[in-house]
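Asks: Supplied structure: my_file.txt, compact mmCIF, C-alpha atoms and all ligand atoms.
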```txt
# COMPACT_ATOMS: atom_id res chain seq x y z
CA MET F 222 9.58 -6.29 3.46
CA ALA F 223 12.59 -6.09 1.24
CA ALA F 224 13.55 -9.65 1.98
CA THR F 225 17.18 -10.29 1.27
CA GLU F 226 18.93 -13.60 0.87
CA THR F 227 22.34 -14.60 2.06
CA ASP F 228 24.64 -16.15 -0.51
CA LYS F 229 25.14 -19.21 1.62
CA HIS F 230 22.55 -21.85 2.29
CA PRO F 231 21.55 -22.55 4.95
CA VAL F 232 21.47 -19.16 6.70
CA PRO F 233 24.65 -19.12 8.82
CA GLU F 234 24.49 -18.70 12.58
CA GLY F 235 24.86 -15.06 13.62
CA ALA F 236 23.13 -13.76 10.47
CA ARG F 237 20.56 -11.01 10.71
CA ILE F 238 17.01 -12.31 10.41
CA THR F 239 14.17 -9.92 9.69
CA VAL F 240 11.11 -10.55 11.81
CA CYS F 241 8.16 -8.62 10.39
CA GLU F 242 5.36 -8.07 12.89
CA VAL F 243 1.98 -8.51 11.20
CA GLY F 244 -0.25 -8.66 14.27
CA PRO F 245 -1.66 -5.16 13.78
CA ARG F 246 -2.84 -6.24 10.30
CA ASP F 247 -3.27 -10.02 10.08
CA GLY F 248 -3.99 -10.28 13.79
CA PHE F 249 -6.46 -7.46 14.25
CA GLN F 250 -8.34 -8.08 10.96
CA ILE F 251 -10.01 -11.22 12.29
CA GLU F 252 -11.08 -9.72 15.62
CA ALA F 253 -14.86 -9.33 15.71
CA SER F 254 -15.07 -6.46 18.21
CA PHE F 255 -13.56 -3.16 17.17
CA ILE F 256 -10.27 -2.51 18.97
CA PRO F 257 -10.14 1.19 19.87
CA THR F 258 -7.64 3.01 17.62
CA GLU F 259 -5.63 4.31 20.58
CA LYS F 260 -5.22 0.73 21.87
CA LYS F 261 -3.95 -0.39 18.46
CA ILE F 262 -1.44 2.46 18.54
CA GLU F 263 -0.37 1.56 22.10
CA ILE F 264 0.30 -2.07 21.07
CA ILE F 265 2.24 -1.02 17.96
CA ASN F 266 4.37 1.37 20.00
CA ALA F 267 5.08 -1.37 22.59
CA LEU F 268 6.26 -3.59 19.73
CA PHE F 269 8.62 -0.84 18.56
CA VAL F 270 10.01 -0.61 22.11
CA ALA F 271 10.81 -4.35 21.90
CA GLY F 272 13.01 -3.63 18.87
CA LEU F 273 10.67 -4.62 16.03
CA ARG F 274 11.48 -2.44 13.05
CA HIS F 275 9.53 -4.16 10.27
CA MET F 276 5.81 -3.98 10.79
CA GLN F 277 2.63 -4.35 8.74
CA VAL F 278 0.54 -1.92 10.70
CA THR F 279 -2.81 -2.06 8.88
CA SER F 280 -4.58 -2.64 5.53
CA PHE F 281 -5.96 -0.14 3.07
CA VAL F 282 -8.90 -2.28 2.01
CA SER F 283 -12.62 -1.69 1.78
CA PRO F 284 -13.93 -0.74 5.25
CA ARG F 285 -17.02 -2.79 4.43
CA ALA F 286 -14.84 -5.88 3.81
CA VAL F 287 -12.73 -5.39 6.96
CA PRO F 288 -14.40 -2.89 9.35
CA GLN F 289 -11.72 -3.55 11.99
CA LEU F 290 -9.11 -1.75 9.86
CA ALA F 291 -11.28 1.20 8.80
CA ASP F 292 -9.04 3.42 10.95
CA ALA F 293 -5.90 2.76 8.85
CA GLU F 294 -5.00 6.43 8.26
CA THR F 295 -5.48 7.34 11.94
CA VAL F 296 -3.29 4.45 13.05
CA LEU F 297 -0.52 5.46 10.64
CA ALA F 298 -0.68 9.07 11.83
CA GLY F 299 -0.59 8.12 15.52
CA ILE F 300 2.32 5.69 15.84
CA ASP F 301 5.86 6.59 16.98
CA ARG F 302 7.80 5.38 13.95
CA PRO F 303 11.38 4.71 15.02
CA GLU F 304 14.33 5.83 12.93
CA GLY F 305 15.16 3.21 10.33
CA SER F 306 11.83 1.39 10.58
CA MET F 307 10.03 -0.19 7.63
CA ILE F 308 6.32 0.45 7.99
CA THR F 309 4.12 -1.42 5.58
CA ALA F 310 0.43 -2.01 4.91
CA LEU F 311 -1.57 -4.48 2.87
CA ILE F 312 -3.32 -3.22 -0.26
CA PRO F 313 -5.60 -5.07 -2.70
CA ASN F 314 -6.03 -2.48 -5.49
CA LEU F 315 -5.28 1.01 -6.82
CA ARG F 316 -7.54 2.72 -4.28
CA GLY F 317 -5.54 0.99 -1.56
CA ALA F 318 -2.27 2.12 -3.14
CA GLU F 319 -3.48 5.74 -3.26
CA ARG F 320 -4.49 5.62 0.38
CA ALA F 321 -1.19 3.97 1.41
CA VAL F 322 0.84 6.62 -0.41
CA GLY F 323 -1.25 9.37 1.18
CA ALA F 324 -0.68 7.90 4.63
CA GLY F 325 3.10 7.74 4.12
CA VAL F 326 3.94 4.03 4.40
CA ASP F 327 7.47 2.95 3.49
CA ALA F 328 6.26 -0.05 1.50
CA VAL F 329 3.13 -1.97 0.68
CA HIS F 330 2.26 -5.64 0.64
CA THR F 331 0.05 -6.28 -2.38
CA VAL F 332 -2.28 -9.25 -2.23
CA VAL F 333 -3.25 -11.90 -4.75
CA SER F 334 -3.92 -15.56 -4.02
CA ALA F 335 -2.32 -18.51 -5.76
CA SER F 336 -5.75 -20.22 -5.85
CA GLU F 337 -8.66 -18.83 -7.86
CA THR F 338 -11.33 -19.60 -5.28
CA HIS F 339 -9.53 -17.79 -2.47
CA ASN F 340 -8.73 -14.82 -4.70
CA VAL F 341 -12.42 -14.42 -5.51
CA LYS F 342 -13.38 -14.76 -1.83
CA ASN F 343 -10.70 -12.32 -0.75
CA VAL F 344 -10.71 -9.60 -3.40
CA ASN F 345 -13.75 -10.41 -5.54
CA ARG F 346 -11.95 -11.03 -8.83
CA SER F 347 -9.88 -13.61 -10.72
CA ILE F 348 -6.13 -13.98 -10.28
CA ASP F 349 -5.50 -12.58 -13.76
CA ALA F 350 -7.76 -9.59 -13.08
CA SER F 351 -5.82 -8.87 -9.87
CA LEU F 352 -2.48 -9.15 -11.66
CA GLY F 353 -3.77 -7.01 -14.56
CA ASP F 354 -4.68 -4.23 -12.13
CA PHE F 355 -1.17 -4.25 -10.66
CA ASP F 356 0.30 -2.38 -13.66
CA ALA F 357 -1.32 0.85 -12.53
CA VAL F 358 -0.72 0.04 -8.85
CA PHE F 359 3.02 -0.51 -9.36
CA ALA F 360 3.36 2.61 -11.54
CA LEU F 361 1.82 4.75 -8.79
CA LEU F 362 3.90 3.20 -6.03
CA LYS F 363 7.14 3.52 -7.98
CA SER F 364 6.52 7.18 -8.79
CA ALA F 365 5.84 7.78 -5.09
CA GLY F 366 9.03 5.95 -4.04
CA VAL F 367 7.11 3.38 -2.02
CA GLY F 368 8.60 -0.13 -1.80
CA ILE F 369 6.64 -3.19 -2.92
CA GLU F 370 6.47 -6.71 -1.56
CA GLY F 371 4.35 -8.94 -3.78
CA GLY F 372 2.11 -10.95 -1.50
CA ILE F 373 0.97 -14.40 -2.63
CA ALA F 374 -1.79 -15.82 -0.41
CA THR F 375 -2.66 -19.56 -0.17
CA ALA F 376 0.88 -20.23 -1.43
CA PHE F 377 1.13 -23.64 0.25
CA GLY F 378 -2.42 -24.87 -0.14
CA CYS F 379 -5.98 -23.60 -0.37
CA PRO F 380 -8.82 -24.52 2.03
CA PHE F 381 -11.20 -24.64 -0.95
CA GLU F 382 -9.03 -26.15 -3.72
CA GLY F 383 -6.45 -28.20 -1.82
CA ILE F 384 -3.01 -28.53 -3.40
CA VAL F 385 -1.44 -25.39 -4.84
CA PRO F 386 1.39 -26.39 -7.21
CA PRO F 387 4.74 -24.67 -6.58
CA GLU F 388 4.82 -23.84 -10.31
CA GLN F 389 1.71 -21.68 -9.84
CA VAL F 390 3.39 -19.79 -6.99
CA ALA F 391 6.54 -19.36 -9.09
CA ARG F 392 4.47 -18.11 -12.05
CA ILE F 393 2.95 -15.34 -9.94
CA ALA F 394 6.34 -14.54 -8.40
CA LYS F 395 7.81 -14.11 -11.88
CA ILE F 396 5.01 -11.72 -12.86
CA TYR F 397 5.65 -9.73 -9.70
CA GLN F 398 9.34 -9.56 -10.57
CA GLN F 399 8.54 -8.35 -14.08
CA LEU F 400 6.25 -5.69 -12.60
CA GLY F 401 9.16 -4.46 -10.46
CA ALA F 402 8.70 -6.07 -7.04
CA THR F 403 12.00 -6.75 -5.28
CA SER F 404 10.57 -9.48 -3.08
CA VAL F 405 7.57 -11.73 -2.66
CA GLY F 406 5.89 -12.81 0.55
CA LEU F 407 4.51 -16.34 0.52
CA GLY F 408 1.38 -16.46 2.67
CA ASP F 409 0.39 -19.73 4.27
CA THR F 410 -3.14 -18.41 4.76
CA THR F 411 -4.62 -21.39 6.59
CA GLY F 412 -1.55 -23.18 7.92
CA MET F 413 -1.18 -25.78 5.17
CA ALA F 414 2.59 -25.37 4.73
CA THR F 415 4.90 -28.22 5.66
CA PRO F 416 8.69 -28.40 5.42
CA THR F 417 8.32 -30.29 2.12
CA THR F 418 5.98 -27.73 0.50
CA VAL F 419 8.09 -24.81 1.77
CA ARG F 420 11.23 -26.27 0.22
CA ALA F 421 9.41 -26.89 -3.08
CA ALA F 422 7.92 -23.38 -3.31
CA VAL F 423 11.18 -21.60 -2.41
CA ARG F 424 13.16 -23.66 -4.93
CA ALA F 425 10.55 -23.16 -7.67
CA ILE F 426 10.72 -19.38 -7.22
CA ARG F 427 14.52 -19.36 -7.20
CA ALA F 428 14.49 -21.30 -10.48
CA GLU F 429 11.80 -19.15 -12.13
CA ALA F 430 12.66 -15.70 -10.77
CA PRO F 431 16.35 -15.61 -9.76
CA GLY F 432 17.32 -12.66 -7.58
CA LEU F 433 13.81 -12.11 -6.23
CA GLY F 434 13.76 -11.85 -2.42
CA ILE F 435 11.52 -14.27 -0.55
CA GLY F 436 9.69 -13.70 2.72
CA LEU F 437 7.72 -16.43 4.50
CA HIS F 438 4.44 -15.94 6.32
CA PHE F 439 3.22 -18.97 8.24
CA HIS F 440 0.11 -19.66 10.25
CA ASN F 441 0.31 -22.24 13.02
CA THR F 442 -3.04 -23.88 12.26
CA ARG F 443 -1.58 -27.39 12.28
CA GLY F 444 1.23 -26.75 14.75
CA VAL F 445 4.15 -26.89 12.32
CA GLY F 446 4.73 -23.18 11.72
CA LEU F 447 8.13 -23.04 13.43
CA ALA F 448 9.23 -26.27 11.73
CA CYS F 449 8.51 -24.48 8.44
CA VAL F 450 10.71 -21.58 9.61
CA MET F 451 13.56 -24.03 10.22
CA THR F 452 13.15 -25.27 6.64
CA GLY F 453 13.13 -21.69 5.39
CA LEU F 454 16.43 -21.09 7.21
CA GLU F 455 17.90 -24.23 5.67
CA GLU F 456 16.87 -22.82 2.29
CA GLY F 457 18.54 -19.46 2.99
CA VAL F 458 15.43 -17.36 3.64
CA THR F 459 16.05 -14.51 6.09
CA HIS F 460 12.62 -12.83 6.34
CA TYR F 461 9.69 -14.15 8.42
CA ASP F 462 6.33 -12.68 9.36
CA ALA F 463 4.77 -13.35 12.75
CA SER F 464 2.02 -11.98 15.00
CA VAL F 465 2.32 -10.87 18.60
CA GLY F 466 0.72 -13.43 20.92
CA GLY F 467 -0.08 -15.66 17.91
CA LEU F 468 -3.04 -13.55 16.76
CA GLY F 469 -4.16 -13.75 13.19
CA GLY F 470 -6.21 -15.19 10.39
CA CYS F 471 -7.94 -14.32 7.14
CA PRO F 472 -11.69 -13.65 7.51
CA PHE F 473 -12.19 -14.87 3.92
CA ALA F 474 -10.61 -18.32 4.27
CA ALA F 475 -12.23 -21.31 5.99
CA SER F 476 -10.44 -22.61 9.11
CA ALA F 477 -8.03 -19.70 9.40
CA THR F 478 -6.22 -19.42 12.73
CA GLY F 479 -3.31 -17.44 14.10
CA ASN F 480 0.05 -16.65 12.61
CA ILE F 481 3.17 -18.11 14.11
CA CYS F 482 3.72 -16.18 17.30
CA THR F 483 6.33 -13.40 17.31
CA GLU F 484 7.64 -14.19 20.81
CA ASP F 485 7.93 -17.89 20.02
CA LEU F 486 9.72 -17.15 16.75
CA VAL F 487 12.09 -14.62 18.35
CA TYR F 488 12.81 -17.09 21.17
CA LEU F 489 13.69 -19.78 18.60
CA LEU F 490 15.84 -17.46 16.49
CA ASN F 491 17.68 -15.80 19.38
CA GLU F 492 18.35 -19.18 21.05
CA SER F 493 19.61 -20.53 17.71
CA GLY F 494 22.26 -17.80 17.51
CA TYR F 495 20.56 -15.58 14.93
CA ASN F 496 20.49 -11.82 15.25
CA THR F 497 16.95 -10.43 15.38
CA GLY F 498 17.64 -7.18 17.27
CA ILE F 499 14.54 -7.92 19.35
CA ASP F 500 14.39 -7.99 23.15
CA LEU F 501 12.35 -11.01 24.22
CA ASP F 502 11.37 -9.62 27.65
CA ALA F 503 10.07 -6.39 26.11
CA LEU F 504 8.26 -8.43 23.47
CA ILE F 505 6.55 -10.48 26.18
CA THR F 506 5.46 -7.19 27.75
CA ALA F 507 3.91 -6.16 24.41
CA ALA F 508 2.19 -9.55 24.10
CA THR F 509 0.81 -9.26 27.62
CA LEU F 510 -0.55 -5.81 26.79
CA THR F 511 -2.16 -7.23 23.62
CA GLN F 512 -3.77 -10.01 25.65
CA GLU F 513 -5.15 -7.47 28.14
CA VAL F 514 -6.56 -5.30 25.36
CA LEU F 515 -8.26 -8.25 23.65
CA GLY F 516 -9.48 -9.68 26.96
CA ARG F 517 -8.77 -13.34 26.23
CA GLU F 518 -5.90 -15.79 26.41
CA LEU F 519 -3.70 -15.71 23.29
CA PRO F 520 -2.04 -18.83 21.83
CA GLY F 521 1.58 -17.67 22.27
CA GLN F 522 3.59 -20.05 24.47
CA VAL F 523 6.72 -18.13 25.44
CA MET F 524 4.61 -15.25 26.75
CA LYS F 525 3.25 -17.76 29.30
CA SER F 526 6.38 -19.79 30.08
CA GLY F 527 8.89 -16.92 29.91
CA PRO F 528 12.47 -17.11 28.58
CA ARG F 529 14.30 -20.46 28.81
CA LEU F 530 16.41 -19.46 31.80
CA ARG F 531 13.55 -18.02 33.80
CA ARG F 532 14.16 -19.22 37.38
CA PHE F 533 11.42 -20.24 39.78
CA ASP F 534 11.45 -20.19 43.60
CA PRO F 535 11.69 -23.85 44.73
CA GLY F 536 9.77 -22.89 47.86
CA LEU F 537 6.68 -22.28 45.77
CA THR F 538 6.62 -25.76 44.17
CA GLU F 539 5.23 -28.77 45.99
CA ARG F 540 7.56 -31.67 46.83
CA ALA F 541 6.41 -35.19 46.02
CA ALA F 542 6.08 -37.33 49.10
CA GLY F 543 5.48 -41.05 48.71
N1 LIG F 601 -10.09 1.23 0.33
C1 LIG F 601 -11.30 1.75 0.65
N2 LIG F 601 -12.41 1.55 -0.06
C2 LIG F 601 -12.30 0.79 -1.16
C3 LIG F 601 -11.09 0.22 -1.54
C4 LIG F 601 -9.95 0.45 -0.75
N3 LIG F 601 -8.77 -0.08 -1.05
N4 LIG F 601 -11.29 -0.48 -2.66
C5 LIG F 601 -12.60 -0.36 -2.98
N5 LIG F 601 -13.19 0.41 -2.06
C6 LIG F 601 -14.60 0.81 -2.04
C7 LIG F 601 -15.03 1.46 -3.32
O1 LIG F 601 -14.73 2.84 -3.28
C8 LIG F 601 -16.49 1.15 -3.35
O2 LIG F 601 -17.15 2.02 -2.44
P1 LIG F 601 -18.62 2.59 -2.74
O3 LIG F 601 -19.49 1.38 -2.91
O4 LIG F 601 -18.92 3.37 -1.50
O5 LIG F 601 -18.48 3.39 -3.99
C9 LIG F 601 -16.57 -0.24 -2.73
O6 LIG F 601 -15.38 -0.37 -1.92
C10 LIG F 601 -16.63 -1.35 -3.77
O7 LIG F 601 -15.54 -1.19 -4.66
P2 LIG F 601 -15.15 -2.31 -5.72
O8 LIG F 601 -13.94 -1.86 -6.44
O9 LIG F 601 -16.37 -2.68 -6.52
O10 LIG F 601 -14.73 -3.49 -4.78
P3 LIG F 601 -15.35 -4.93 -4.57
O11 LIG F 601 -16.68 -4.88 -3.94
O12 LIG F 601 -15.17 -5.74 -5.79
O13 LIG F 601 -14.31 -5.47 -3.43
C11 LIG F 601 -12.06 -5.21 -2.59
C12 LIG F 601 -12.95 -5.59 -3.76
C13 LIG F 601 -10.65 -5.62 -2.97
C14 LIG F 601 -12.15 -3.71 -2.35
C15 LIG F 601 -12.54 -5.95 -1.31
O14 LIG F 601 -12.81 -7.30 -1.64
C16 LIG F 601 -11.54 -5.88 -0.20
O15 LIG F 601 -11.31 -4.83 0.38
N6 LIG F 601 -10.89 -7.01 0.13
C17 LIG F 601 -9.87 -7.04 1.17
C18 LIG F 601 -9.77 -8.40 1.74
C19 LIG F 601 -8.78 -8.49 2.87
O16 LIG F 601 -8.35 -7.52 3.46
N7 LIG F 601 -8.44 -9.73 3.18
C20 LIG F 601 -7.57 -10.06 4.25
C21 LIG F 601 -6.15 -9.96 3.89
S1 LIG F 601 -5.52 -11.34 2.99
ZN ZN F 602 -1.75 -14.37 7.16
```
Any chance you could give the structure as structure tokens?
Ligand code: COA
Ligand code: ZN
Replies:
Amino acid sequence: MAATETDKHPVPEGARITVCEVGPRDGFQIEASFIPTEKKIEIINALFVAGLRHMQVTSFVSPRAVPQLADAETVLAGIDRPEGSMITALIPNLRGAERAVGAGVDAVHTVVSASETHNVKNVNRSIDASLGDFDAVFALLKSAGVGIEGGIATAFGCPFEGIVPPEQVARIAKIYQQLGATSVGLGDTTGMATPTTVRAAVRAIRAEAPGLGIGLHFHNTRGVGLACVMTGLEEGVTHYDASVGGLGGCPFAASATGNICTEDLVYLLNESGYNTGIDLDALITAATLTQEVLGRELPGQVMKSGPRLRRFDPGLTERAAG
């Protein structure tokens, strides 16, 4: 949330990068078996211990659409929110905004897709109908003092329609800015972003809506999620979403798979000299806990390999003999 941009491009080494954990929302929403609420809370709290301060902890959506997140209020009430944290939740409509305000989030992530077909699949209405409803949503949130990130799903391509023009993304971003959003989050719902499309979308928004913060949300469906982050950094973007263990995916998009993995992203950023404020070892502990709770191997790589300078006992590795 509240993505900010540095004046210089690319982002200089040593700069603060915001890593927003979205596993408890984007990650859990696609899980078929209900994760007990207390386990969700335990994972969220372990992520706080690792130093994550920006987190999308749930969605206030229809419990029939996403039964996994029907416990949104209980999750919000049960977590140990650290001082200075930015706790957000996804909302699709006014009912979601009312629930989010009632539950005391710091900010919301509204959702509209850049492609018509995905917007209908996801929220059962046209793009213009979604945007039209946001007048009342924004008025409520502003009067309640709740921050707003304007989410734009399928921003780099749609699994049903194919190419999404950067001008379409910039058009929605401009509307969000006019409504009063301070930043937009570009969602790569099914991992169709590439360095080229990321550069084009970021530049189109900067041209159309100057001053609007940009956050990037990649899925690793085609294995280039972290390459897209590098392009974002070259373009001066300082806010990235990621999911613990590489969980994630939209239940209403074909071929959706996990977000870029938080540990892998933090590893890359920390090793590149950026300041994330996140402890990689503690994050691996949180990822391991998540894997245990879900009972299957997660896609994250650094949680398996460990930090770069992890040392192994030579006595435990076989020696080649010719
Ligand atoms: N929270 C809880 N319940 C909600 C709700 C919300 N934010 N919005 C609507 N509902 C309820 C209504 O009260 C109504 O309940 P009822 O039938 O018991 O009276 C029911 O859902 C239908 O409401 P309606 O406004 O007609 O919604 P819809 O059927 O057109 O569905 C959405 C629209 C947006 C509610 C639904 O598509 C949705 O929740 N989508 C979320 C998708 C998502 O999370 N995607 C992943 C993230 S990208
Ligand atoms: Zn996503």
Asks: Show me which residues are within 9 Å of ligand LIG 601 (chain F) counting all atoms listed in the file, and format the list as number ranges by chain.
Replies: F: 246-247, 250-251, 280-287, 290-291, 311-321, 332-334, 341-346, 372, 374, 408, 410, 470-474
Asks: Report, in Å with one decimal, the straight-line distance from atom CA of Ile265 of chain F to atom CA of Glu513 of chain F.
Replies: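 Between atom CA of Ile265 of chain F and atom CA of Glu513 of chain F the gap works out to 14.1 Å.
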Asks: Rounded to one decimal, what separation in Å do you get between atom CA of Gly453 of chain F and atom CA of Val232 of chain F?
Replies: 8.8 Å
Asks: Wanna dump the chain F-ligand ZN 602 (chain F) contacts at 12 Å for me, each residue with its shortest atom pair and the distance in Å to one decimal, counting all atoms listed in the file, ordered by chain and number, as a Markdown table?
Replies:
```
| residue | atom | partner | partner_atom | distance |
| --- | --- | --- | --- | --- |
| F:Cys241 | CA | F:ZN602 | ZN | 11.9 |
| F:Glu242 | CA | F:ZN602 | ZN | 11.1 |
| F:Val243 | CA | F:ZN602 | ZN | 8.0 |
| F:Gly244 | CA | F:ZN602 | ZN | 9.2 |
| F:Pro245 | CA | F:ZN602 | ZN | 11.3 |
| F:Arg246 | CA | F:ZN602 | ZN | 8.8 |
| F:Asp247 | CA | F:ZN602 | ZN | 5.5 |
| F:Gly248 | CA | F:ZN602 | ZN | 8.1 |
| F:Phe249 | CA | F:ZN602 | ZN | 11.0 |
| F:Gln250 | CA | F:ZN602 | ZN | 9.9 |
| F:Ile251 | CA | F:ZN602 | ZN | 10.2 |
| F:Gln277 | CA | F:ZN602 | ZN | 11.0 |
| F:Leu311 | CA | F:ZN602 | ZN | 10.8 |
| F:His330 | CA | F:ZN602 | ZN | 11.6 |
| F:Val332 | CA | F:ZN602 | ZN | 10.7 |
| F:Ser334 | CA | F:ZN602 | ZN | 11.5 |
| F:Gly372 | CA | F:ZN602 | ZN | 10.1 |
| F:Ile373 | CA | F:ZN602 | ZN | 10.2 |
| F:Ala374 | CA | F:ZN602 | ZN | 7.7 |
| F:Thr375 | CA | F:ZN602 | ZN | 9.0 |
| F:Ala376 | CA | F:ZN602 | ZN | 10.7 |
| F:Phe377 | CA | F:ZN602 | ZN | 11.9 |
| F:Gly406 | CA | F:ZN602 | ZN | 10.2 |
| F:Leu407 | CA | F:ZN602 | ZN | 9.3 |
| F:Gly408 | CA | F:ZN602 | ZN | 5.9 |
| F:Asp409 | CA | F:ZN602 | ZN | 6.5 |
| F:Thr410 | CA | F:ZN602 | ZN | 4.9 |
| F:Thr411 | CA | F:ZN602 | ZN | 7.6 |
| F:Gly412 | CA | F:ZN602 | ZN | 8.8 |
| F:Met413 | CA | F:ZN602 | ZN | 11.6 |
| F:Leu437 | CA | F:ZN602 | ZN | 10.0 |
| F:His438 | CA | F:ZN602 | ZN | 6.4 |
| F:Phe439 | CA | F:ZN602 | ZN | 6.9 |
| F:His440 | CA | F:ZN602 | ZN | 6.4 |
| F:Asn441 | CA | F:ZN602 | ZN | 10.0 |
| F:Thr442 | CA | F:ZN602 | ZN | 10.9 |
| F:Gly446 | CA | F:ZN602 | ZN | 11.8 |
| F:Tyr461 | CA | F:ZN602 | ZN | 11.5 |
| F:Asp462 | CA | F:ZN602 | ZN | 8.5 |
| F:Ala463 | CA | F:ZN602 | ZN | 8.6 |
| F:Ser464 | CA | F:ZN602 | ZN | 9.0 |
| F:Gly467 | CA | F:ZN602 | ZN | 11.0 |
| F:Leu468 | CA | F:ZN602 | ZN | 9.7 |
| F:Gly469 | CA | F:ZN602 | ZN | 6.5 |
| F:Gly470 | CA | F:ZN602 | ZN | 5.6 |
| F:Cys471 | CA | F:ZN602 | ZN | 6.2 |
| F:Pro472 | CA | F:ZN602 | ZN | 10.0 |
| F:Phe473 | CA | F:ZN602 | ZN | 10.9 |
| F:Ala474 | CA | F:ZN602 | ZN | 10.1 |
| F:Ala477 | CA | F:ZN602 | ZN | 8.5 |
| F:Thr478 | CA | F:ZN602 | ZN | 8.7 |
| F:Gly479 | CA | F:ZN602 | ZN | 7.7 |
| F:Asn480 | CA | F:ZN602 | ZN | 6.2 |
| F:Ile481 | CA | F:ZN602 | ZN | 9.3 |
| F:Cys482 | CA | F:ZN602 | ZN | 11.7 |
```
Asks: Contacts of Leu504 of chain F at 7 Å or less, counting all atoms listed in the file, minus same-chain residues fewer than 2 places along, as a list in words?
Replies: Leu268, Ala271, Glu484, Asp500, Leu501, Asp502, Thr506, Ala507 and Ala508 of chain F
Asks: For the selection just defined, write its residues with C-alpha atoms to a file, as a PDB file, keeping the file's coordinate frame.
Replies:
```
ATOM      1  CA  LEU F 268       6.260  -3.590  19.730  1.00  0.00           C
ATOM      2  CA  ALA F 271      10.810  -4.350  21.900  1.00  0.00           C
ATOM      3  CA  GLU F 484       7.640 -14.190  20.810  1.00  0.00           C
ATOM      4  CA  ASP F 500      14.390  -7.990  23.150  1.00  0.00           C
ATOM      5  CA  LEU F 501      12.350 -11.010  24.220  1.00  0.00           C
ATOM      6  CA  ASP F 502      11.370  -9.620  27.650  1.00  0.00           C
ATOM      7  CA  THR F 506       5.460  -7.190  27.750  1.00  0.00           C
ATOM      8  CA  ALA F 507       3.910  -6.160  24.410  1.00  0.00           C
ATOM      9  CA  ALA F 508       2.190  -9.550  24.100  1.00  0.00           C
TER      10      ALA F 508
END
```
Asks: Could you work out an axis-aligned box for segment 278-294 of chain F, taking every atom the file lists and adding 4 Å on each side, and report centre and edge lengths in Å to one decimal, as AutoDock Vina command-line options?
Replies:
```
--center_x -8.2 --center_y 0.3 --center_z 6.9 --size_x 25.6 --size_y 20.3 --size_z 18.2
```
Asks: One decimal, Å: what's the distance from atom CA of Val487 of chain F over to atom CA of Ala414 of chain F, could you say?
Replies: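 Those two atoms sit 19.8 Å apart.
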Asks: Using only C-alpha atoms, which residue out of F:Cys379, F:Ala310, F:Ala267, F:Ala430 lies closest to Tyr397 of chain F?
Replies: F:Ala430
Asks: Which is closest to Gly457 of chain F among F:Gly434, F:Asp292, F:Gly305, F:Arg443, if we use all atoms listed in the file?
Replies: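 Of the candidates, the smallest distance to Gly457 of chain F is held by F:Gly434.
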Asks: Go through F:Val322, F:Val465, F:Ala402, F:Val450 one by one, measure the shortest atom-to-atom distance of each to Thr309 of chain F using only C-alpha atoms, and give the residue with the smallest value.
Replies: F:Val322
Asks: May I ask which of the residues F:Ala298, F:Leu361, F:Ile435, F:Val385 is the closest one to Glu337 of chain F, counting all atoms listed in the file?
Replies: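 Checking each candidate against Glu337 of chain F, we get F:Val385 as the closest.
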Asks: Smallest atom-to-atom distance to Ile505 of chain F: which of F:Glu294, F:Gly272, F:Ile308, F:Pro303, using only C-alpha atoms?
Replies: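 Nearest to Ile505 of chain F: F:Gly272.
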Asks: Give as a PyMOL selection string each residue that has an atom at most 10 Å from (8.5, -0.1, 3.4) in the file, counting only C-alpha atoms.
Replies: chain F and resi 222-223+275-277+306-310+325-330+366-370
Asks: List the neighbours of Ile300 of chain F out to 9 Å using all atoms listed in the file; skip same-chain residues closer than 6 positions along the sequence, and give me the result as a PyMOL selection string.
Replies: chain F and resi 262-263+265-266
Asks: Nearest residue to Pro233 of chain F out of F:Gly323, F:Gly527, F:Pro431, F:Gly494, using all atoms listed in the file?
Replies: F:Gly494
Asks: Starting from the structure just given, write a file holding segment 393-400 of chain F with N, CA and C atoms, as a PDB file, in the first residue's frame.
Replies:
```
ATOM      1  N   ILE F 393      -7.594   3.327 -16.465  1.00  0.00           N
ATOM      2  CA  ILE F 393      -8.179   2.968 -15.161  1.00  0.00           C
ATOM      3  C   ILE F 393      -7.394   3.642 -14.032  1.00  0.00           C
ATOM      4  N   ALA F 394      -6.071   3.679 -14.180  1.00  0.00           N
ATOM      5  CA  ALA F 394      -5.242   4.335 -13.153  1.00  0.00           C
ATOM      6  C   ALA F 394      -5.638   5.796 -13.002  1.00  0.00           C
ATOM      7  N   LYS F 395      -5.889   6.454 -14.112  1.00  0.00           N
ATOM      8  CA  LYS F 395      -6.277   7.877 -14.077  1.00  0.00           C
ATOM      9  C   LYS F 395      -7.611   8.045 -13.350  1.00  0.00           C
ATOM     10  N   ILE F 396      -8.552   7.145 -13.636  1.00  0.00           N
ATOM     11  CA  ILE F 396      -9.855   7.225 -12.946  1.00  0.00           C
ATOM     12  C   ILE F 396      -9.664   7.040 -11.436  1.00  0.00           C
ATOM     13  N   TYR F 397      -8.827   6.072 -11.090  1.00  0.00           N
ATOM     14  CA  TYR F 397      -8.526   5.873  -9.663  1.00  0.00           C
ATOM     15  C   TYR F 397      -7.954   7.149  -9.044  1.00  0.00           C
ATOM     16  N   GLN F 398      -7.036   7.783  -9.766  1.00  0.00           N
ATOM     17  CA  GLN F 398      -6.425   9.006  -9.233  1.00  0.00           C
ATOM     18  C   GLN F 398      -7.489  10.090  -9.037  1.00  0.00           C
ATOM     19  N   GLN F 399      -8.383  10.206 -10.018  1.00  0.00           N
ATOM     20  CA  GLN F 399      -9.449  11.212  -9.906  1.00  0.00           C
ATOM     21  C   GLN F 399     -10.387  10.901  -8.741  1.00  0.00           C
ATOM     22  N   LEU F 400     -10.572   9.615  -8.463  1.00  0.00           N
ATOM     23  CA  LEU F 400     -11.426   9.227  -7.330  1.00  0.00           C
ATOM     24  C   LEU F 400     -10.745   9.509  -5.988  1.00  0.00           C
TER      25      LEU F 400
END
```
